[in-house]
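Asks: This is the structure I have questions about; it appears just below.
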Amino acid sequence: MRKQMVAGNWKMNNNVVESELLISKLLEKFPESINSNKRIVVTPSFVNLIPVVSWVKNSRIEVAAQNMHFAKNGAFTGEISADMLKNAGVNIVILGHSERRTYFNETDELLAKKVMTALENNMEVIFCFGELLDDRKSGNHFKVVENQLSKALFELEALAWKNIILAYEPVWAIGTGETASPEQAQEMHAFIRQLVAKKYGADLANDVTILYGGSVKGSNAQELFSNPDVDGGLIGGAALNAAEFEAIIKAV
Ligand code: 13P
């Protein structure tokens with residue numbers, strides 16, 4: 001069954017003291033340990049994963065990593081492996097974020113390898129993709145998104161999709177304060193679900209969680225999430241503020 005999710009991507013923010021403060025505020029608001037159909041995820045920096053995992057133990061808050069290398073281990077200075085994340089109690093990883101693609105030259109081909117490694121290690125992947133402003137202006141946004149998905153994910157076997165969460169993040173909406181309109185988000189999410197359905201069938205497509213990311217705030221979350229194909233959000237700036245993040249979670 002399709003699950004809803006709100007995931008906070010902390011990016012390169014929050015030292016250990018700030019992380020503890022934010023987590024303690026969130027725990028006050030969402031203390032239940034029961035499994036809910038609405039998942040809440042936080043994504044601290046690598047160095048804070050272990051303490052955050054220990055703080056949210058026995059709560060409904062889950063922890064994800066922001067990136068990962070595809071190799072099992074070896075001479076890759078500065079990188080983190082799937083085994084290290086799993087060992088730290090982290091079973092979810094964000095891959096393909098536009099900031100990784102733009103500033104660290106991550107390509108769809110590289111991301112396909114990372115996705116494979118994550119799945120081989122039984123991790124869930126929050127896979128990010130989305131078009132640039134120029135792509136949208138020139139009407140190429142559907143083509144760009146289709147390319148990103150088919151290169152990185154459409155070689156996977158159907159069974160693997162139980163561990164894939166899609167996150168459509170139009171690059172022009174990330175950190176800009178300019179959100180996609182609810183209509184733009186729904187249009188693209190429906191297109192994405194249709195692509196998955198064409199490749200893997202309607203049942204599988206109907207079960208895939210598709211998040212929207214890009215300037216989501218407490219004030220616009222409700223109208224974005226009320227669309228039938230928008231199953232929650234991947235939140236940047238607003239996830240650093242407990243009250244904003246709470247408002248967004250409540251909007252799902
Ligand atoms: P903002 O919510 O700050 O626009 O960031 C979105 C994002 O990049 C989440 O991964």
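Identifiers for the structure tokens are assigned positionally: chains receive A, B, ... in sequence, residues are indexed from 1 per chain, and ligands are indexed from 1 in the order shown.
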Can you pull out every residue from stretch 105-243 of chain A that DSSP, working from the backbone, puts in strand (DSSP E), and format the result as an mmCIF file with C-alpha atoms, in the first residue's frame?
Replies:
```cif
data_model
loop_
_atom_site.group_PDB
_atom_site.id
_atom_site.type_symbol
_atom_site.label_atom_id
_atom_site.label_comp_id
_atom_site.auth_asym_id
_atom_site.auth_seq_id
_atom_site.Cartn_x
_atom_site.Cartn_y
_atom_site.Cartn_z
ATOM 1 C CA GLU A 124 15.408 2.210 0.968
ATOM 2 C CA VAL A 125 16.281 4.896 -1.561
ATOM 3 C CA ILE A 126 14.702 8.334 -1.761
ATOM 4 C CA PHE A 127 15.573 9.042 -5.379
ATOM 5 C CA CYS A 128 15.605 12.730 -6.357
ATOM 6 C CA PHE A 129 15.238 14.085 -9.864
ATOM 7 C CA ILE A 164 12.196 3.010 -3.959
ATOM 8 C CA ILE A 165 10.634 6.331 -2.996
ATOM 9 C CA LEU A 166 10.580 8.977 -5.719
ATOM 10 C CA ALA A 167 11.171 12.648 -4.964
ATOM 11 C CA TYR A 168 10.356 15.084 -7.758
ATOM 12 C CA ILE A 210 6.113 10.131 -4.912
ATOM 13 C CA LEU A 211 7.256 13.125 -2.870
ATOM 14 C CA TYR A 212 7.393 16.738 -3.990
ATOM 15 C CA GLY A 213 10.351 18.919 -2.988
ATOM 16 C CA GLY A 232 4.230 14.000 0.838
ATOM 17 C CA GLY A 233 7.351 16.093 0.616
ATOM 18 C CA LEU A 234 11.107 16.287 0.781
ATOM 19 C CA ILE A 235 11.736 19.445 2.738
#
```
Asks: Write out as a PyMOL selection string which residues come within 12 Å of A:Phe191 when counting only C-alpha atoms, dropping same-chain ones fewer than 2 positions away.
Replies: chain A and resi 141-143+145-146+149+168+184-189+193-198+205+210+229-230
Asks: Generate the output file for the selected residues, C-alpha atoms, as a compact mmCIF listing (two decimals), in the first residue's frame.
Replies:
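The result, stored in out-v6.txt:
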```txt
# COMPACT_ATOMS: atom_id res chain seq x y z
CA HIS A 141 10.58 19.03 -18.44
CA PHE A 142 8.70 15.79 -19.09
CA LYS A 143 11.46 14.50 -21.35
CA VAL A 145 12.36 13.62 -15.98
CA GLU A 146 11.66 10.56 -18.13
CA LEU A 149 14.15 7.93 -14.29
CA TYR A 168 10.36 15.08 -7.76
CA GLN A 184 2.26 21.76 -11.88
CA ALA A 185 3.13 19.29 -9.13
CA GLN A 186 0.09 17.08 -9.78
CA GLU A 187 0.67 17.16 -13.53
CA MET A 188 4.26 15.97 -13.16
CA HIS A 189 3.50 13.41 -10.44
CA ARG A 193 3.25 7.46 -12.05
CA GLN A 194 2.18 6.82 -15.63
CA LEU A 195 5.81 6.19 -16.66
CA VAL A 196 6.22 3.67 -13.84
CA ALA A 197 2.90 2.06 -14.81
CA LYS A 198 3.97 1.73 -18.45
CA ALA A 205 2.86 2.35 -9.91
CA ILE A 210 6.11 10.13 -4.91
CA ASP A 229 -0.44 11.81 -6.82
CA VAL A 230 1.55 13.86 -4.30
```
Asks: So which residues are near ligand 1, meaning at most 7 Å away with only C-alpha atoms and all ligand atoms counted, given back as a PyMOL selection string?
Replies: chain A and resi 9+97+169+173-177+213-216+234-238
Asks: With only C-alpha atoms as the basis for distance, which of A:Val144, A:Val17, A:Ala190, A:Leu22 is at the shortest distance from A:Ala243?
Replies: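 For A:Ala243, the nearest of the candidates is A:Leu22.
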Asks: With only C-alpha atoms as the atoms that count, which of A:Ala158, A:Asn15, A:Asp134, A:Lys38 lies nearest to A:Ala251?
Replies: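 Of the candidates, the smallest distance to A:Ala251 is held by A:Lys38.
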Asks: Excluding stretch 41-48 of chain A and its own-chain neighbours fewer than 2 positions away, which residues fall within 8 Å of it when counting only C-alpha atoms? Please give them as a list in words.
Replies: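 Counting only C-alpha atoms, the residues come to Met5, Val6, Ala7, Gly8, Asn9, Trp10, Lys11, Met12, Asn13, Asn14, Asn15, Val16, Ser19, Arg39, Ile50, Pro51, Val52, Ile61, Glu62, Val63, Ala64, Ala65 and Gln66 of chain A.
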Asks: So, with only C-alpha atoms as the atoms that count, which of A:Ala180, A:Ala247, A:Leu110, A:Leu153 lies closest to A:Tyr200?
Replies: A:Leu153
Asks: Which neighbours of A:Asn37 fall inside 12 Å, counting only C-alpha atoms, when residues of the same chain fewer than 2 positions from it are skipped, and could you give them as a ChimeraX atom specification?
Replies: /A:1-6,34-35,39-40,60,209,231-232,252
Asks: Using only C-alpha atoms, which protein or nucleic acid residues come within 12 Å of A:Glu106? Drop anything in the same chain fewer than 4 positions from it, and give the result as a list in words.
Replies: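 The contact residues come out as Asn67, Met68, His69, Phe70, Leu95, Gly96, His97, Ser98, Glu99, Arg100, Arg101, Thr102, Leu110, Leu111, Ala112, Lys113, Lys114, Cys128, Phe129, Gln148 and Ala152 of chain A.
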Asks: What is the distance between atom CA of A:Asn140 and atom CA of A:Thr107, in Å to one decimal?
Replies: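 Answer for the atom CA of A:Asn140 to atom CA of A:Thr107 separation: 18.4 Å.
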Asks: Enumerate as a ChimeraX atom specification all residues of stretch 182-249 of chain A assigned to alpha helix (DSSP H) by DSSP on the backbone, naming them with the chain letters and numbers the document uses.
Replies: /A:182-200,202-207,218-225,242-249
